[in-house]
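upload-v5.txt follows; it contains compact mmCIF, C-alpha atoms.
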```
# COMPACT_ATOMS: atom_id res chain seq x y z
CA MET A 35 -73.14 -64.63 21.27
CA PRO A 36 -72.00 -68.05 22.41
CA LYS A 37 -71.39 -68.59 26.04
CA GLU A 38 -67.72 -69.32 25.49
CA LEU A 39 -67.09 -66.01 23.70
CA GLN A 40 -69.18 -64.15 26.20
CA GLY A 41 -67.01 -65.47 29.00
CA VAL A 42 -63.80 -64.35 27.21
CA ALA A 43 -65.21 -60.85 26.62
CA ASP A 44 -66.19 -60.53 30.22
CA ALA A 45 -62.72 -61.57 31.35
CA ILE A 46 -61.06 -59.02 29.04
CA GLY A 47 -63.46 -56.31 30.19
CA SER A 48 -62.71 -57.02 33.80
CA ILE A 49 -58.98 -56.76 33.12
CA VAL A 50 -59.34 -53.48 31.25
CA ASP A 51 -61.57 -51.99 33.87
CA SER A 52 -59.04 -52.63 36.58
CA PRO A 53 -57.43 -49.42 37.97
CA LEU A 54 -53.88 -50.60 37.27
CA VAL A 55 -54.58 -51.23 33.59
CA GLN A 56 -56.36 -47.90 33.25
CA LEU A 57 -53.34 -46.12 34.70
CA GLY A 58 -51.03 -47.89 32.26
CA LEU A 59 -53.22 -46.98 29.29
CA ARG A 60 -53.28 -43.33 30.33
CA ALA A 61 -49.47 -43.34 30.67
CA ILE A 62 -49.07 -44.81 27.20
CA ALA A 63 -51.38 -42.16 25.73
CA VAL A 64 -49.49 -39.35 27.41
CA TYR A 65 -46.19 -40.80 26.23
CA TRP A 66 -47.49 -41.03 22.66
CA ILE A 67 -48.71 -37.43 22.69
CA VAL A 68 -45.38 -36.23 24.10
CA PHE A 69 -43.56 -38.20 21.44
CA TRP A 70 -45.78 -36.62 18.78
CA LEU A 71 -45.03 -33.08 20.00
CA ALA A 72 -41.34 -33.91 20.36
CA ALA A 73 -41.30 -35.12 16.75
CA ALA A 74 -42.78 -31.80 15.64
CA TYR A 75 -40.14 -29.87 17.64
CA TRP A 76 -37.39 -32.11 16.22
CA ALA A 77 -38.54 -31.34 12.67
CA PHE A 78 -38.52 -27.61 13.56
CA ARG A 79 -34.95 -27.67 14.94
CA ASP A 80 -33.61 -29.97 12.24
CA LEU A 81 -34.82 -27.73 9.45
CA GLN A 82 -33.32 -24.66 11.17
CA LEU A 83 -29.91 -26.32 10.85
CA ARG A 84 -30.41 -27.15 7.19
CA THR A 85 -31.83 -23.96 5.69
CA ASP A 86 -31.58 -20.17 6.08
CA ASN A 87 -35.28 -19.66 5.40
CA PRO A 88 -36.96 -18.56 8.68
CA VAL A 89 -40.44 -19.83 7.64
CA MET A 90 -39.60 -23.41 6.60
CA PRO A 91 -38.96 -24.75 10.17
CA TYR A 92 -42.43 -23.66 11.28
CA LEU A 93 -44.00 -25.31 8.25
CA ALA A 94 -42.21 -28.59 9.03
CA ALA A 95 -43.45 -28.58 12.64
CA ALA A 96 -47.04 -27.82 11.53
CA PHE A 97 -46.83 -30.64 8.97
CA VAL A 98 -46.02 -33.18 11.70
CA ILE A 99 -48.74 -31.86 14.04
CA LEU A 100 -51.44 -31.94 11.34
CA PHE A 101 -50.92 -35.69 10.94
CA THR A 102 -52.41 -36.18 14.44
CA PRO A 103 -50.84 -38.34 17.15
CA ILE A 104 -51.92 -41.46 15.32
CA LEU A 105 -50.37 -40.76 11.88
CA PHE A 106 -47.41 -38.57 12.83
CA PRO A 107 -44.85 -41.40 12.23
CA ALA A 108 -45.80 -41.24 8.54
CA ALA A 109 -45.20 -37.45 8.66
CA ILE A 110 -41.70 -38.02 10.05
CA VAL A 111 -40.91 -40.47 7.25
CA ILE A 112 -42.10 -37.98 4.63
CA TYR A 113 -40.14 -35.15 6.25
CA ARG A 114 -36.89 -37.12 6.30
CA THR A 115 -37.38 -37.83 2.60
CA ILE A 116 -37.85 -34.23 1.44
CA ARG A 117 -35.54 -32.36 3.86
CA PRO A 118 -32.11 -31.04 2.70
CA HIS A 119 -29.45 -33.71 3.05
CA GLU A 120 -26.67 -31.33 4.27
CA LYS A 121 -26.65 -28.96 7.19
CA ILE A 122 -25.52 -25.36 6.89
CA ASP A 123 -22.24 -25.98 8.75
CA GLU A 124 -21.54 -29.02 6.59
CA VAL A 125 -22.07 -26.94 3.44
CA TYR A 126 -19.78 -24.24 4.87
CA GLU A 127 -17.05 -26.75 5.70
CA ARG A 128 -17.31 -28.28 2.25
CA THR A 129 -17.03 -24.83 0.65
CA LEU A 130 -13.95 -24.02 2.73
CA ALA A 131 -12.36 -27.32 1.76
CA GLU A 132 -12.98 -26.62 -1.92
CA GLU A 133 -11.56 -23.11 -1.66
CA ALA A 134 -8.48 -24.41 0.17
CA MET A 135 -7.96 -27.03 -2.53
CA LEU A 136 -8.29 -24.41 -5.28
CA ALA A 137 -5.85 -22.11 -3.47
CA GLU A 138 -3.36 -24.96 -3.15
CA ILE A 139 -3.69 -25.74 -6.83
CA GLU A 140 -3.15 -22.08 -7.73
CA THR A 141 0.01 -21.87 -5.63
CA VAL A 142 1.60 -24.62 -7.71
CA ARG A 143 3.18 -22.91 -10.71
CA TYR A 144 2.98 -24.43 -14.15
CA CYS A 145 4.62 -23.38 -17.37
CA PRO A 146 2.06 -21.59 -19.57
CA ALA A 147 3.47 -23.26 -22.68
CA CYS A 148 4.19 -26.89 -21.79
CA ARG A 149 2.07 -27.06 -18.57
CA ARG A 150 4.86 -28.67 -16.62
CA ARG A 151 5.47 -27.88 -12.96
CA VAL A 152 8.12 -25.20 -12.43
CA ASN A 153 9.78 -23.61 -9.44
CA GLU A 154 8.84 -20.14 -8.20
CA GLU A 155 12.46 -18.94 -8.49
CA TRP A 156 12.94 -19.99 -12.09
CA ILE A 157 13.18 -17.31 -14.78
CA VAL A 158 13.03 -19.63 -17.80
CA CYS A 159 11.29 -22.99 -18.19
CA PRO A 160 14.00 -25.65 -18.66
CA SER A 161 11.71 -27.77 -20.84
CA CYS A 162 10.41 -25.35 -23.47
CA ARG A 163 12.57 -22.26 -22.71
CA THR A 164 9.53 -20.07 -22.07
CA ARG A 165 10.19 -16.86 -20.15
CA LEU A 166 8.54 -17.12 -16.71
CA ALA A 167 9.70 -14.02 -14.82
CA ARG A 168 12.14 -11.13 -14.97
CA VAL A 169 14.54 -9.43 -12.58
CA CYS A 170 13.85 -5.95 -11.25
CA PRO A 171 16.75 -3.69 -12.28
CA ASN A 172 16.44 -1.74 -9.03
CA CYS A 173 16.25 -4.37 -6.25
CA SER A 174 17.20 -7.53 -8.21
CA ARG A 175 14.05 -9.38 -7.08
CA LEU A 176 11.98 -11.66 -9.32
CA VAL A 177 8.84 -9.99 -10.66
CA GLY A 178 6.09 -11.19 -12.99
CA LEU A 179 6.10 -10.47 -16.67
CA ASP A 180 2.72 -8.71 -16.43
CA TRP A 181 3.66 -6.48 -13.50
CA SER A 182 3.69 -2.74 -14.21
CA LEU A 183 5.81 -1.97 -11.13
CA CYS A 184 7.91 -3.84 -8.58
CA ALA A 185 5.99 -4.86 -5.45
CA TRP A 186 9.15 -4.73 -3.29
CA CYS A 187 10.86 -1.47 -4.25
CA GLY A 188 8.09 0.33 -6.17
CA ARG A 189 10.08 0.67 -9.39
CA ASP A 190 7.73 1.71 -12.22
CA PHE A 191 8.59 -0.33 -15.30
CA GLU A 192 6.40 1.76 -17.63
CA ARG A 193 8.11 5.06 -16.79
CA ARG A 194 11.29 5.73 -18.73
CA GLU A 195 14.31 6.84 -16.79
CA VAL A 196 15.64 10.28 -17.70
CA GLY A 197 19.28 9.99 -18.72
CA ALA A 198 21.92 11.93 -16.75
CA PRO A 199 23.34 15.00 -18.59
CA ALA A 200 26.76 14.59 -20.04
CA ALA A 201 29.51 16.10 -17.94
CA ALA A 202 31.53 19.03 -19.26
CA PRO A 203 35.00 18.14 -20.51
CA ALA A 204 37.68 18.62 -17.95
CA VAL A 205 40.94 20.05 -19.23
CA SER A 206 44.01 18.69 -17.57
CA GLN A 207 46.38 21.23 -16.13
CA GLY A 208 49.47 19.19 -16.59
CA GLY A 209 49.53 19.47 -20.36
CA VAL A 210 49.14 15.71 -20.90
CA GLY A 211 45.61 15.52 -22.33
CA THR A 212 41.90 16.20 -21.88
CA ARG A 213 39.52 13.65 -20.33
CA VAL A 214 35.72 13.85 -20.49
CA ALA A 215 33.69 12.28 -17.67
CA THR A 216 31.00 9.90 -18.94
CA PRO A 217 27.76 8.90 -17.10
CA ASP A 218 28.93 5.35 -16.51
CA GLY A 219 32.09 6.54 -14.79
CA ALA A 220 34.51 5.31 -17.46
CA ALA A 221 36.99 7.85 -18.79
CA PRO A 222 37.47 8.02 -22.58
CA PRO A 223 40.95 8.11 -24.03
CA ALA A 224 42.89 11.31 -23.46
CA ARG A 225 42.72 14.00 -26.08
CA PRO A 226 46.13 15.23 -27.20
CA THR A 227 46.96 18.74 -26.16
CA THR A 228 49.59 21.29 -26.93
CA GLY A 229 52.52 22.01 -24.72
CA GLN A 230 50.61 24.78 -22.91
CA GLY A 231 47.76 22.48 -21.75
CA VAL A 232 45.19 23.55 -24.41
CA PRO A 233 43.48 20.82 -26.47
CA MET A 234 44.44 20.55 -30.07
CA GLY A 235 41.94 22.13 -32.47
CA VAL A 236 41.06 24.94 -30.04
CA PRO A 237 42.25 28.39 -31.22
CA MET A 238 44.88 29.79 -28.90
CA ALA A 239 45.77 33.44 -28.53
CA THR A 240 49.19 34.25 -29.88
CA PRO A 241 51.37 37.25 -29.20
CA MET A 242 50.68 38.45 -32.77
CA SER A 243 46.93 38.87 -32.03
CA ALA A 244 47.58 41.45 -29.31
CA PRO A 245 48.10 45.10 -30.38
CA MET A 246 51.76 45.85 -30.63
CA VAL A 247 53.19 49.14 -29.47
CA ALA A 248 56.38 50.14 -31.20
CA PRO A 249 59.12 51.22 -28.84
CA VAL A 250 59.73 54.95 -28.94
CA ALA A 251 63.03 56.35 -27.96
CA SER A 252 62.98 58.72 -25.07
CA VAL A 253 62.83 62.25 -26.34
CA GLY A 254 63.28 65.10 -23.99
CA GLY A 255 63.55 62.81 -20.97
CA ILE A 256 60.03 61.21 -21.43
CA ASP A 257 59.72 57.50 -20.63
CA PRO A 258 58.61 55.62 -23.80
CA ALA A 259 56.55 53.09 -21.72
CA ARG A 260 54.54 55.80 -20.01
CA SER A 261 53.85 57.64 -23.24
CA ALA A 262 52.58 54.35 -24.78
CA VAL A 263 50.18 53.81 -21.84
CA ALA A 264 48.93 57.39 -22.09
CA SER A 265 48.29 57.10 -25.80
CA ALA A 266 46.34 53.81 -25.26
CA ARG A 267 44.11 55.43 -22.61
CA SER A 268 43.42 58.48 -24.77
CA SER A 269 42.49 56.27 -27.75
CA SER A 270 40.01 54.21 -25.66
CA ARG A 271 38.11 57.28 -24.37
CA PRO A 272 35.40 59.14 -26.35
CA SER A 273 36.16 62.25 -28.40
CA PRO A 274 35.68 65.70 -26.84
CA ARG A 275 32.57 66.36 -28.98
CA SER A 276 30.73 63.24 -27.81
CA ALA A 277 31.83 63.63 -24.17
CA GLY A 278 30.98 67.32 -23.91
CA ALA A 279 34.45 68.82 -23.75
CA ARG A 280 34.85 72.33 -22.56
CA PRO A 281 35.24 74.93 -25.30
CA GLY A 282 38.68 76.30 -25.76
CA SER A 283 40.43 73.42 -24.14
CA GLY A 284 42.82 71.42 -26.17
CA ARG A 285 42.18 68.05 -24.47
CA PRO A 286 39.06 66.24 -23.29
CA PRO A 287 38.07 66.44 -19.61
CA GLY A 288 39.69 63.81 -17.45
CA SER A 289 42.54 63.19 -19.86
CA PRO A 290 45.95 63.01 -18.25
CA GLY A 291 48.12 66.08 -18.50
CA PRO A 292 51.64 66.16 -19.79
CA LEU A 293 53.94 63.84 -18.04
CA PRO A 294 56.48 65.54 -15.79
CA GLU A 295 60.00 65.61 -17.00
CA ARG A 296 62.64 63.67 -15.20
```
Structure re-expressed in structure tokens:
Amino acid sequence: MPKELQGVADAIGSIVDSPLVQLGLRAIAVYWIVFWLAAAYWAFRDLQLRTDNPVMPYLAAAFVILFTPILFPAAIVIYRTIRPHEKIDEVYERTLAEEAMLAEIETVRYCPACRRRVNEEWIVCPSCRTRLARVCPNCSRLVGLDWSLCAWCGRDFERREVGAPAAAPAVSQGGVGTRVATPDGAAPPARPTTGQGVPMGVPMATPMSAPMVAPVASVGGIDPARSAVASARSSSRPSPRSAGARPGSGRPPGSPGPLPER
């Protein structure tokens, strides 16, 4: 080796062998090793925030450590290239934003026929006259066309209402006419009646339909009215044979005796 180069090498060796330089070199080595381990821990924590797999963070840290303290910067570059680009919370926020946008779009009503924007309180589309909703007959609230019952009052649209029975005709007592009550509360026109308050067309008992008793003149001081009543009672009672009359008696048991004379 030439003398000039030998002198330079000796000068460099003397500088390196100095205690101050040796302390600096040891500090740089420790710093580099700490940085290497910190890079492995950073890869571990970063992958925990980006994936739900519990094994992948450990594999990322081992990948950085296996590259040794000298080549670990290359491991960090490779890790940043292949790691997931979004964190778990970022994915969650993006999903919530998409769901909120979809919910907002669904709240805006559109006509199913012409796809124009309509109001929630409209029953018919003003553009194409398509039916959008209907009114509940019970609570008068707007309900959907595909609803089977009202969400506000519980009215079942598929169940048929049983009609109220027709009311019996009421006959007026004043002789003017007969009115029949209807379910809707409206009274039909009066039916003409006779002078005695009975509707026309209904058979009415007349004095001729009742049994007539001919007046009998009083004979021997007997009242004709009483004899007529006695004869009616005796005719309505059973015969002595069917009622078990006593033998030898001329009248059935329980029949009234001869009326006393006045």
(request) Provide the CA of Cys173 (chain A) to CA of Glu138 (chain A) distance in Å, to one decimal place. (result) 28.6 Å
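When CA of Arg149 (chain A) is paired with CA of Leu166 (chain A), their separation reads 12.0 Å.
Across the model, the gap from CA of Phe191 (chain A) to CA of Arg168 (chain A) is 11.4 Å.
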Extract, using only C-alpha atoms, all DNA, RNA and protein residues at most 8 Å from region 99-109 of chain A, discarding same-chain residues fewer than 3 positions from it, and format them as a PDB file with C-alpha atoms, in the frame of the given file.
```
ATOM      1  CA  TRP A  66     -47.490 -41.030  22.660  1.00  0.00           C
ATOM      2  CA  ILE A  67     -48.710 -37.430  22.690  1.00  0.00           C
ATOM      3  CA  TRP A  70     -45.780 -36.620  18.780  1.00  0.00           C
ATOM      4  CA  LEU A  71     -45.030 -33.080  20.000  1.00  0.00           C
ATOM      5  CA  ALA A  74     -42.780 -31.800  15.640  1.00  0.00           C
ATOM      6  CA  ALA A  95     -43.450 -28.580  12.640  1.00  0.00           C
ATOM      7  CA  ALA A  96     -47.040 -27.820  11.530  1.00  0.00           C
ATOM      8  CA  ILE A 112     -42.100 -37.980   4.630  1.00  0.00           C
ATOM      9  CA  TYR A 113     -40.140 -35.150   6.250  1.00  0.00           C
TER      10      TYR A 113
END
```
(request) Go through A:Pro118, A:Gly47, A:Pro160, A:Pro171 one by one, measure the shortest atom-to-atom distance of each to Gly188 (chain A) using all atoms listed in the file, and give the residue with the smallest value. (result) A:Pro171
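All residues of protein, DNA or RNA that reach within 10 Å of Glu124 (chain A), judged by only C-alpha atoms and not counting those fewer than 5 positions away in the chain, are Leu83, Arg84, His119, Thr129 and Leu130 of chain A.
Nearest to Ser174 (chain A) of all the residues A:Ala134, A:Val64, A:Arg189, A:Asp123 is A:Arg189, counting all atoms listed in the file.
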